>>> print(open('coords-v1.cif').read())   # mmCIF, C-alpha atoms and all ligand atoms
data_coords
#
loop_
_atom_site.label_atom_id
_atom_site.label_comp_id
_atom_site.auth_asym_id
_atom_site.auth_seq_id
_atom_site.Cartn_x
_atom_site.Cartn_y
_atom_site.Cartn_z
CA MET A 1195 216.58 48.63 -12.76
CA PRO A 1196 217.27 45.03 -11.84
CA LEU A 1197 215.09 43.79 -9.01
CA ALA A 1198 216.58 43.03 -5.61
CA VAL A 1199 215.92 39.36 -6.28
CA THR A 1200 217.93 39.45 -9.52
CA HIS A 1201 220.90 41.00 -7.75
CA VAL A 1202 220.92 38.35 -5.01
CA LEU A 1203 220.15 35.41 -7.30
CA LEU A 1204 222.71 36.21 -9.99
CA THR A 1205 225.51 36.79 -7.49
CA ILE A 1206 224.74 33.58 -5.61
CA ILE A 1207 224.49 31.56 -8.82
CA ILE A 1208 227.73 32.85 -10.35
CA VAL A 1209 229.68 32.35 -7.10
CA ASP A 1210 228.15 28.87 -6.70
CA LEU A 1211 229.07 27.93 -10.28
CA TYR A 1212 232.58 29.29 -9.72
CA ARG A 1213 232.81 27.19 -6.57
CA ASP A 1214 231.55 24.05 -8.33
CA TYR A 1215 233.53 24.23 -11.56
CA VAL A 1216 236.51 26.54 -11.12
CA ALA A 1217 237.64 26.71 -7.50
CA LYS A 1218 236.36 23.25 -6.52
CA HIS A 1219 237.33 24.27 -3.04
CA LYS A 1220 234.53 23.61 -0.56
CA ARG A 1221 236.78 24.53 2.36
CA TYR A 1222 237.31 28.09 1.15
CA PHE A 1223 233.86 28.37 -0.41
CA THR A 1224 231.42 27.34 2.29
CA LEU A 1225 227.68 27.94 2.40
CA HIS A 1226 228.53 31.06 4.43
CA THR A 1227 230.53 32.32 1.46
CA ILE A 1228 227.52 31.89 -0.82
CA PHE A 1229 225.28 33.68 1.72
CA ILE A 1230 227.73 36.57 2.00
CA ALA A 1231 227.95 36.77 -1.80
CA GLY A 1232 224.17 37.12 -2.04
CA PHE A 1233 224.20 39.78 0.66
CA ALA A 1234 226.99 41.67 -1.13
CA GLY A 1235 225.01 41.50 -4.35
CA LEU A 1236 222.41 43.69 -2.71
CA LEU A 1237 224.75 45.70 -0.45
CA PRO A 1238 225.02 48.82 -2.67
CA ASP A 1239 221.27 49.38 -2.30
CA ILE A 1240 221.79 49.84 1.44
CA ASP A 1241 221.79 53.55 0.52
CA ILE A 1242 217.98 53.33 0.28
CA PRO A 1243 217.22 52.31 3.92
CA LEU A 1244 220.21 54.37 5.05
CA ASP A 1245 218.58 57.40 3.47
CA TRP A 1246 215.33 56.76 5.37
CA ILE A 1247 217.25 56.65 8.66
CA LEU A 1248 219.35 59.70 7.82
CA ASN A 1249 216.20 61.60 6.83
CA ILE A 1250 214.94 61.30 10.40
CA LEU A 1251 218.16 62.99 11.50
CA GLY A 1252 217.73 65.75 8.93
CA ALA A 1253 220.45 64.40 6.63
CA GLY A 1254 220.41 62.13 3.61
CA ILE A 1255 222.33 60.07 1.10
CA LEU A 1256 221.59 60.04 -2.61
CA HIS A 1257 220.69 56.70 -4.18
CA ARG A 1258 223.35 55.30 -6.54
CA THR A 1259 226.20 57.46 -5.31
CA VAL A 1260 228.77 56.36 -2.70
CA THR A 1261 227.75 52.70 -2.59
CA HIS A 1262 227.53 52.44 -6.38
CA THR A 1263 231.13 53.42 -7.15
CA PRO A 1264 233.86 50.92 -8.12
CA ILE A 1265 235.92 52.36 -5.24
CA PHE A 1266 233.32 51.11 -2.75
CA GLY A 1267 233.55 47.60 -4.22
CA LEU A 1268 237.33 47.57 -4.48
CA ALA A 1269 237.68 48.76 -0.86
CA PHE A 1270 236.84 45.20 0.27
CA LEU A 1271 239.98 43.93 -1.48
CA ALA A 1272 242.18 45.46 1.24
CA PRO A 1273 240.88 43.20 4.04
CA ALA A 1274 240.68 40.32 1.52
CA PHE A 1275 244.41 40.44 0.75
CA ALA A 1276 245.28 41.12 4.41
CA PHE A 1277 243.41 38.01 5.61
CA TRP A 1278 244.87 35.97 2.73
CA LEU A 1279 248.37 37.05 3.72
CA TYR A 1280 247.75 35.87 7.28
CA LYS A 1281 246.49 32.54 5.92
CA LYS A 1282 242.90 33.22 6.99
CA HIS A 1283 241.82 32.00 3.58
CA ARG A 1284 238.16 31.41 4.29
CA ILE A 1285 237.65 34.90 5.73
CA ALA A 1286 239.68 36.36 2.85
CA VAL A 1287 237.30 34.72 0.37
CA TYR A 1288 234.33 36.33 2.21
CA PHE A 1289 235.83 39.70 1.28
CA PHE A 1290 236.74 38.64 -2.28
CA VAL A 1291 233.14 37.60 -2.99
CA THR A 1292 231.94 40.85 -1.40
CA THR A 1293 233.98 42.83 -3.92
CA PHE A 1294 232.59 40.63 -6.69
CA GLY A 1295 228.99 41.03 -5.47
CA VAL A 1296 229.24 44.81 -5.22
CA LEU A 1297 230.89 45.19 -8.65
CA LEU A 1298 228.32 42.87 -10.26
CA HIS A 1299 225.53 44.93 -8.69
CA ILE A 1300 227.02 48.13 -10.10
CA LEU A 1301 227.41 46.51 -13.53
CA LEU A 1302 223.79 45.30 -13.58
CA ASP A 1303 222.48 48.69 -12.48
CA PHE A 1304 224.64 50.33 -15.14
CA LEU A 1305 223.35 48.04 -17.90
CA PHE A 1306 219.67 48.07 -17.00
CA THR A 1307 218.92 51.20 -15.00
CA SER A 1308 215.86 52.70 -16.57
CA ASP A 1309 214.52 55.48 -14.38
CA ASN A 1310 216.73 58.21 -15.83
CA SER A 1311 218.75 58.44 -12.66
CA GLY A 1312 221.95 56.67 -13.71
CA LEU A 1313 224.92 55.80 -11.56
CA MET A 1314 227.50 58.26 -10.29
CA PHE A 1315 230.60 56.11 -10.77
CA LEU A 1316 232.97 58.91 -9.90
CA TYR A 1317 231.09 60.23 -6.86
CA PRO A 1318 232.08 62.37 -4.93
CA PHE A 1319 234.59 63.67 -7.49
CA SER A 1320 232.00 64.08 -10.20
CA ASN A 1321 228.22 63.91 -10.35
CA ALA A 1322 228.23 62.68 -13.94
CA MET A 1323 225.67 59.90 -14.36
CA PHE A 1324 226.12 56.77 -16.43
CA ASP A 1325 223.65 54.15 -17.58
CA MET A 1326 222.89 52.03 -20.64
CA ASP A 1327 219.16 51.43 -20.11
CA LEU A 1328 219.33 48.29 -22.26
CA LEU A 1329 215.77 47.16 -21.66
CA SER A 1330 214.24 50.60 -22.15
CA SER A 1331 212.07 49.67 -25.12
CA LEU A 1332 210.52 46.69 -23.36
CA ALA A 1333 207.80 46.47 -20.75
CA LYS A 1334 210.19 46.62 -17.85
CA PRO A 1335 208.44 45.27 -14.75
CA GLN A 1336 207.13 42.21 -16.55
CA ILE A 1337 210.46 41.56 -18.29
CA ALA A 1338 212.38 41.93 -15.03
CA ALA A 1339 210.09 39.48 -13.25
CA GLY A 1340 210.31 37.10 -16.21
CA ILE A 1341 214.12 37.21 -16.21
CA ASP A 1342 214.10 36.40 -12.48
CA ALA A 1343 211.90 33.38 -13.10
CA ILE A 1344 214.06 32.12 -15.96
CA ILE A 1345 217.31 32.54 -14.01
CA LEU A 1346 215.83 30.73 -11.02
CA LEU A 1347 214.46 27.85 -13.10
CA LEU A 1348 217.74 27.39 -14.98
CA TRP A 1349 219.64 27.27 -11.73
CA LEU A 1350 217.19 24.80 -10.15
CA TRP A 1351 217.56 22.64 -13.25
CA HIS A 1352 221.36 22.84 -12.98
CA GLU A 1353 221.25 21.83 -9.31
CA GLU A 1354 218.90 18.95 -10.12
CA ILE A 1355 221.16 17.64 -12.91
CA ARG A 1356 224.31 18.09 -10.87
CA HIS A 1357 223.02 16.30 -7.81
CA LYS A 1358 221.61 13.47 -9.86
CA ILE A 1359 225.03 13.08 -11.46
CA SER A 1360 226.77 13.25 -8.11
CA ASP A 1361 224.55 10.40 -6.88
CA PHE A 1362 226.41 8.15 -9.31
CA ILE A 1363 229.89 9.26 -8.34
ZN ZN B 1401 221.64 49.51 -6.97
#
>>> encode(input="coords-v1.cif", output="structure tokens")
Amino acid sequence: MPLAVTHVLLTIIIVDLYRDYVAKHKRYFTLHTIFIAGFAGLLPDIDIPLDWILNILGAGILHRTVTHTPIFGLAFLAPAFAFWLYKKHRIAVYFFVTTFGVLLHILLDFLFTSDNSGLMFLYPFSNAMFDMDLLSSLAKPQIAAGIDAIILLLWLWHEEIRHKISDFI
């Protein structure tokens, strides 16, 4: 199971790299966009605190169900295209990166989930669970923390290099 930090970091980094090298559009991709992307990267796990709250009310929501389906991620495309159509490009991009963040979260959970709980992609139509458990043979907590550290260091290094270069431009 990727750590919360991995979800946020990876989403922010990929969206930031996309902004720097592909879109090159600082007006559509503001710092807000990056913040929202990071938030969206963790959004599916909102089912955990939501479950605590619902428990008080005698109800509940299962982890890795509703918020871990592709439908949940793709739902944000509707407002994205609507805002884009009305030329509210910056707000549209907020919703595009939300879809990306949610889908990336689901993909990471799918690849690395390791507590035998899996993801219910097709919830509520089917309770079939899917996961790959790619890191199962390794010492998970240490590996996960190590991967976080490596990702963070690589990104810091990239930012350092990039800003040094931009000093000369
Ligand atoms: Zn999750």
>>> residues_near_ligand(input="coords-v1.cif", ligand="ligand ZN 1401 (chain B)", cutoff="9 Å", atoms="all atoms listed in the file", output="list in words")
Met1195, Pro1196, Leu1197, Ala1198, His1201, Leu1236, Leu1237, Pro1238, Asp1239, Ile1240, Asp1241, Ile1242, His1257, Arg1258, Thr1261, His1262, His1299, Ile1300, Leu1302, Asp1303, Phe1304, Thr1307 and Leu1313 of chain A
>>> atom_distance(input="coords-v1.cif", atom1="atom CA of A:Ala1234", atom2="atom CA of A:Val1296")
5.6 Å
>>> residues_around(input="coords-v1.cif", residues="A:Gly1312", least_positions_apart="6", cutoff="6 Å", atoms="all atoms listed in the file", output="list in words")
Met1323, Phe1324 and Asp1325 of chain A
>>> atom_distance(input="coords-v1.cif", atom1="atom CA of A:Ile1207", atom2="atom CA of A:Lys1358")
18.3 Å
>>> closest_residue(input="coords-v1.cif", among="A:Phe1277, A:Phe1229, A:Phe1266, A:Phe1290", to="A:Ile1206", atoms="all atoms listed in the file")
A:Phe1229
>>> axis_aligned_box(input="coords-v1.cif", around="stretch 1336-1347 of chain A", padding_each_side="5 Å", output="JSON")
{"center_x": 212.2, "center_y": 35.0, "center_z": -14.7, "size_x": 20.2, "size_y": 24.4, "size_z": 17.3}
>>> residues_near_point(input="coords-v1.cif", point="(241.3, 44.1, 0.5)", cutoff="12 Å", atoms="all atoms listed in the file", output="list in words")
Ile1265, Phe1266, Gly1267, Leu1268, Ala1269, Phe1270, Leu1271, Ala1272, Pro1273, Ala1274, Phe1275, Ala1276, Phe1277, Trp1278, Leu1279, Ile1285, Ala1286, Val1287, Tyr1288, Phe1289, Phe1290, Val1291, Thr1292, Thr1293 and Phe1294 of chain A
>>> closest_residue(input="coords-v1.cif", among="A:Val1260, A:Leu1346, A:Leu1204, A:Arg1284", to="A:Lys1220", atoms="only C-alpha atoms")
A:Arg1284
>>> atom_distance(input="coords-v1.cif", atom1="atom CA of A:His1219", atom2="atom CA of A:Ala1231")
15.7 Å
>>> decode(input="coords-v1.cif", residues="stretch 1273-1289 of chain A", atoms="all heavy atoms", output="PDB file, in the first residue's frame")
ATOM      1  N   PRO A1273     -17.281  18.284 -15.154  1.00  0.00           N
ATOM      2  CA  PRO A1273     -17.056  19.720 -14.920  1.00  0.00           C
ATOM      3  C   PRO A1273     -15.835  20.248 -15.671  1.00  0.00           C
ATOM      4  O   PRO A1273     -15.835  21.402 -16.108  1.00  0.00           O
ATOM      5  CB  PRO A1273     -16.850  19.823 -13.401  1.00  0.00           C
ATOM      6  CG  PRO A1273     -16.608  18.434 -12.920  1.00  0.00           C
ATOM      7  CD  PRO A1273     -17.264  17.521 -13.903  1.00  0.00           C
ATOM      8  N   ALA A1274     -14.809  19.396 -15.857  1.00  0.00           N
ATOM      9  CA  ALA A1274     -13.606  19.855 -16.567  1.00  0.00           C
ATOM     10  C   ALA A1274     -13.968  20.326 -17.978  1.00  0.00           C
ATOM     11  O   ALA A1274     -13.609  21.435 -18.387  1.00  0.00           O
ATOM     12  CB  ALA A1274     -12.581  18.725 -16.628  1.00  0.00           C
ATOM     13  N   PHE A1275     -14.691  19.474 -18.718  1.00  0.00           N
ATOM     14  CA  PHE A1275     -15.048  19.844 -20.092  1.00  0.00           C
ATOM     15  C   PHE A1275     -16.040  21.005 -20.107  1.00  0.00           C
ATOM     16  O   PHE A1275     -15.976  21.863 -20.994  1.00  0.00           O
ATOM     17  CB  PHE A1275     -15.622  18.638 -20.839  1.00  0.00           C
ATOM     18  CG  PHE A1275     -14.552  17.666 -21.272  1.00  0.00           C
ATOM     19  CD1 PHE A1275     -14.510  16.379 -20.763  1.00  0.00           C
ATOM     20  CD2 PHE A1275     -13.576  18.058 -22.184  1.00  0.00           C
ATOM     21  CE1 PHE A1275     -13.517  15.484 -21.157  1.00  0.00           C
ATOM     22  CE2 PHE A1275     -12.578  17.180 -22.587  1.00  0.00           C
ATOM     23  CZ  PHE A1275     -12.544  15.886 -22.077  1.00  0.00           C
ATOM     24  N   ALA A1276     -16.948  21.040 -19.125  1.00  0.00           N
ATOM     25  CA  ALA A1276     -17.929  22.130 -19.067  1.00  0.00           C
ATOM     26  C   ALA A1276     -17.216  23.472 -18.887  1.00  0.00           C
ATOM     27  O   ALA A1276     -17.478  24.431 -19.622  1.00  0.00           O
ATOM     28  CB  ALA A1276     -18.916  21.893 -17.931  1.00  0.00           C
ATOM     29  N   PHE A1277     -16.280  23.538 -17.929  1.00  0.00           N
ATOM     30  CA  PHE A1277     -15.552  24.795 -17.702  1.00  0.00           C
ATOM     31  C   PHE A1277     -14.697  25.158 -18.920  1.00  0.00           C
ATOM     32  O   PHE A1277     -14.558  26.332 -19.272  1.00  0.00           O
ATOM     33  CB  PHE A1277     -14.669  24.692 -16.448  1.00  0.00           C
ATOM     34  CG  PHE A1277     -15.427  24.922 -15.169  1.00  0.00           C
ATOM     35  CD1 PHE A1277     -15.612  23.892 -14.253  1.00  0.00           C
ATOM     36  CD2 PHE A1277     -15.966  26.180 -14.879  1.00  0.00           C
ATOM     37  CE1 PHE A1277     -16.313  24.102 -13.065  1.00  0.00           C
ATOM     38  CE2 PHE A1277     -16.669  26.399 -13.700  1.00  0.00           C
ATOM     39  CZ  PHE A1277     -16.846  25.356 -12.788  1.00  0.00           C
ATOM     40  N   TRP A1278     -14.113  24.129 -19.552  1.00  0.00           N
ATOM     41  CA  TRP A1278     -13.273  24.379 -20.732  1.00  0.00           C
ATOM     42  C   TRP A1278     -14.109  24.994 -21.849  1.00  0.00           C
ATOM     43  O   TRP A1278     -13.689  25.932 -22.525  1.00  0.00           O
ATOM     44  CB  TRP A1278     -12.631  23.062 -21.199  1.00  0.00           C
ATOM     45  CG  TRP A1278     -11.560  23.297 -22.226  1.00  0.00           C
ATOM     46  CD1 TRP A1278     -11.698  23.304 -23.585  1.00  0.00           C
ATOM     47  CD2 TRP A1278     -10.176  23.586 -21.969  1.00  0.00           C
ATOM     48  NE1 TRP A1278     -10.491  23.563 -24.183  1.00  0.00           N
ATOM     49  CE2 TRP A1278      -9.543  23.742 -23.223  1.00  0.00           C
ATOM     50  CE3 TRP A1278      -9.414  23.717 -20.794  1.00  0.00           C
ATOM     51  CZ2 TRP A1278      -8.176  24.024 -23.337  1.00  0.00           C
ATOM     52  CZ3 TRP A1278      -8.057  23.999 -20.914  1.00  0.00           C
ATOM     53  CH2 TRP A1278      -7.459  24.152 -22.167  1.00  0.00           C
ATOM     54  N   LEU A1279     -15.313  24.461 -22.015  1.00  0.00           N
ATOM     55  CA  LEU A1279     -16.228  24.935 -23.045  1.00  0.00           C
ATOM     56  C   LEU A1279     -16.576  26.403 -22.826  1.00  0.00           C
ATOM     57  O   LEU A1279     -16.712  27.168 -23.779  1.00  0.00           O
ATOM     58  CB  LEU A1279     -17.507  24.080 -23.002  1.00  0.00           C
ATOM     59  CG  LEU A1279     -18.128  23.685 -24.317  1.00  0.00           C
ATOM     60  CD1 LEU A1279     -17.174  22.813 -25.121  1.00  0.00           C
ATOM     61  CD2 LEU A1279     -19.436  22.931 -24.070  1.00  0.00           C
ATOM     62  N   TYR A1280     -16.713  26.782 -21.553  1.00  0.00           N
ATOM     63  CA  TYR A1280     -17.070  28.165 -21.238  1.00  0.00           C
ATOM     64  C   TYR A1280     -15.820  29.026 -21.055  1.00  0.00           C
ATOM     65  O   TYR A1280     -15.878  30.079 -20.433  1.00  0.00           O
ATOM     66  CB  TYR A1280     -17.972  28.223 -20.010  1.00  0.00           C
ATOM     67  CG  TYR A1280     -19.391  27.778 -20.327  1.00  0.00           C
ATOM     68  CD1 TYR A1280     -19.806  26.480 -20.055  1.00  0.00           C
ATOM     69  CD2 TYR A1280     -20.292  28.668 -20.934  1.00  0.00           C
ATOM     70  CE1 TYR A1280     -21.097  26.067 -20.368  1.00  0.00           C
ATOM     71  CE2 TYR A1280     -21.577  28.263 -21.254  1.00  0.00           C
ATOM     72  CZ  TYR A1280     -21.973  26.965 -20.969  1.00  0.00           C
ATOM     73  OH  TYR A1280     -23.243  26.561 -21.293  1.00  0.00           O
ATOM     74  N   LYS A1281     -14.692  28.523 -21.570  1.00  0.00           N
ATOM     75  CA  LYS A1281     -13.435  29.262 -21.576  1.00  0.00           C
ATOM     76  C   LYS A1281     -12.901  29.589 -20.175  1.00  0.00           C
ATOM     77  O   LYS A1281     -12.111  30.510 -19.992  1.00  0.00           O
ATOM     78  CB  LYS A1281     -13.574  30.555 -22.388  1.00  0.00           C
ATOM     79  CG  LYS A1281     -14.074  30.370 -23.815  1.00  0.00           C
ATOM     80  CD  LYS A1281     -13.069  30.925 -24.814  1.00  0.00           C
ATOM     81  CE  LYS A1281     -13.526  30.772 -26.256  1.00  0.00           C
ATOM     82  NZ  LYS A1281     -13.690  29.368 -26.691  1.00  0.00           N
ATOM     83  N   LYS A1282     -13.366  28.846 -19.185  1.00  0.00           N
ATOM     84  CA  LYS A1282     -12.775  28.968 -17.842  1.00  0.00           C
ATOM     85  C   LYS A1282     -11.641  27.943 -17.762  1.00  0.00           C
ATOM     86  O   LYS A1282     -11.739  26.936 -17.049  1.00  0.00           O
ATOM     87  CB  LYS A1282     -13.839  28.673 -16.766  1.00  0.00           C
ATOM     88  CG  LYS A1282     -15.066  29.549 -16.864  1.00  0.00           C
ATOM     89  CD  LYS A1282     -14.877  30.814 -16.069  1.00  0.00           C
ATOM     90  CE  LYS A1282     -16.140  31.660 -16.070  1.00  0.00           C
ATOM     91  NZ  LYS A1282     -15.864  33.098 -15.999  1.00  0.00           N
ATOM     92  N   HIS A1283     -10.591  28.206 -18.537  1.00  0.00           N
ATOM     93  CA  HIS A1283      -9.555  27.191 -18.716  1.00  0.00           C
ATOM     94  C   HIS A1283      -8.854  26.809 -17.420  1.00  0.00           C
ATOM     95  O   HIS A1283      -8.575  25.642 -17.170  1.00  0.00           O
ATOM     96  CB  HIS A1283      -8.528  27.683 -19.736  1.00  0.00           C
ATOM     97  CG  HIS A1283      -9.128  27.873 -21.090  1.00  0.00           C
ATOM     98  ND1 HIS A1283      -9.110  29.079 -21.759  1.00  0.00           N
ATOM     99  CD2 HIS A1283      -9.795  27.017 -21.885  1.00  0.00           C
ATOM    100  CE1 HIS A1283      -9.734  28.953 -22.916  1.00  0.00           C
ATOM    101  NE2 HIS A1283     -10.165  27.703 -23.010  1.00  0.00           N
ATOM    102  N   ARG A1284      -8.552  27.794 -16.600  1.00  0.00           N
ATOM    103  CA  ARG A1284      -7.790  27.489 -15.389  1.00  0.00           C
ATOM    104  C   ARG A1284      -8.585  26.570 -14.460  1.00  0.00           C
ATOM    105  O   ARG A1284      -8.052  25.605 -13.924  1.00  0.00           O
ATOM    106  CB  ARG A1284      -7.424  28.792 -14.662  1.00  0.00           C
ATOM    107  CG  ARG A1284      -6.257  28.614 -13.723  1.00  0.00           C
ATOM    108  CD  ARG A1284      -5.918  29.893 -13.009  1.00  0.00           C
ATOM    109  NE  ARG A1284      -5.656  30.998 -13.926  1.00  0.00           N
ATOM    110  CZ  ARG A1284      -5.535  32.263 -13.534  1.00  0.00           C
ATOM    111  NH1 ARG A1284      -5.669  32.572 -12.251  1.00  0.00           N
ATOM    112  NH2 ARG A1284      -5.284  33.213 -14.393  1.00  0.00           N
ATOM    113  N   ILE A1285      -9.883  26.880 -14.307  1.00  0.00           N
ATOM    114  CA  ILE A1285     -10.733  26.042 -13.448  1.00  0.00           C
ATOM    115  C   ILE A1285     -10.900  24.656 -14.077  1.00  0.00           C
ATOM    116  O   ILE A1285     -10.883  23.634 -13.388  1.00  0.00           O
ATOM    117  CB  ILE A1285     -12.111  26.712 -13.226  1.00  0.00           C
ATOM    118  CG1 ILE A1285     -11.909  28.067 -12.552  1.00  0.00           C
ATOM    119  CG2 ILE A1285     -13.023  25.826 -12.392  1.00  0.00           C
ATOM    120  CD1 ILE A1285     -13.152  28.914 -12.456  1.00  0.00           C
ATOM    121  N   ALA A1286     -11.012  24.616 -15.405  1.00  0.00           N
ATOM    122  CA  ALA A1286     -11.125  23.332 -16.104  1.00  0.00           C
ATOM    123  C   ALA A1286      -9.917  22.455 -15.792  1.00  0.00           C
ATOM    124  O   ALA A1286     -10.059  21.266 -15.512  1.00  0.00           O
ATOM    125  CB  ALA A1286     -11.243  23.558 -17.604  1.00  0.00           C
ATOM    126  N   VAL A1287      -8.734  23.071 -15.811  1.00  0.00           N
ATOM    127  CA  VAL A1287      -7.511  22.297 -15.551  1.00  0.00           C
ATOM    128  C   VAL A1287      -7.504  21.769 -14.109  1.00  0.00           C
ATOM    129  O   VAL A1287      -7.002  20.673 -13.861  1.00  0.00           O
ATOM    130  CB  VAL A1287      -6.253  23.142 -15.868  1.00  0.00           C
ATOM    131  CG1 VAL A1287      -4.992  22.419 -15.421  1.00  0.00           C
ATOM    132  CG2 VAL A1287      -6.176  23.421 -17.366  1.00  0.00           C
ATOM    133  N   TYR A1288      -8.085  22.519 -13.164  1.00  0.00           N
ATOM    134  CA  TYR A1288      -8.207  22.003 -11.780  1.00  0.00           C
ATOM    135  C   TYR A1288      -8.888  20.631 -11.802  1.00  0.00           C
ATOM    136  O   TYR A1288      -8.477  19.703 -11.125  1.00  0.00           O
ATOM    137  CB  TYR A1288      -9.053  22.920 -10.896  1.00  0.00           C
ATOM    138  CG  TYR A1288      -8.446  24.262 -10.555  1.00  0.00           C
ATOM    139  CD1 TYR A1288      -9.237  25.291 -10.071  1.00  0.00           C
ATOM    140  CD2 TYR A1288      -7.081  24.493 -10.706  1.00  0.00           C
ATOM    141  CE1 TYR A1288      -8.696  26.525  -9.757  1.00  0.00           C
ATOM    142  CE2 TYR A1288      -6.532  25.726 -10.392  1.00  0.00           C
ATOM    143  CZ  TYR A1288      -7.356  26.742  -9.921  1.00  0.00           C
ATOM    144  OH  TYR A1288      -6.819  27.958  -9.602  1.00  0.00           O
ATOM    145  N   PHE A1289      -9.958  20.545 -12.603  1.00  0.00           N
ATOM    146  CA  PHE A1289     -10.724  19.296 -12.643  1.00  0.00           C
ATOM    147  C   PHE A1289      -9.992  18.216 -13.441  1.00  0.00           C
ATOM    148  O   PHE A1289     -10.058  17.043 -13.092  1.00  0.00           O
ATOM    149  CB  PHE A1289     -12.133  19.538 -13.200  1.00  0.00           C
ATOM    150  CG  PHE A1289     -13.046  20.208 -12.195  1.00  0.00           C
ATOM    151  CD1 PHE A1289     -13.246  21.578 -12.219  1.00  0.00           C
ATOM    152  CD2 PHE A1289     -13.688  19.452 -11.224  1.00  0.00           C
ATOM    153  CE1 PHE A1289     -14.069  22.190 -11.282  1.00  0.00           C
ATOM    154  CE2 PHE A1289     -14.512  20.054 -10.288  1.00  0.00           C
ATOM    155  CZ  PHE A1289     -14.700  21.431 -10.315  1.00  0.00           C
TER     156      PHE A1289
END
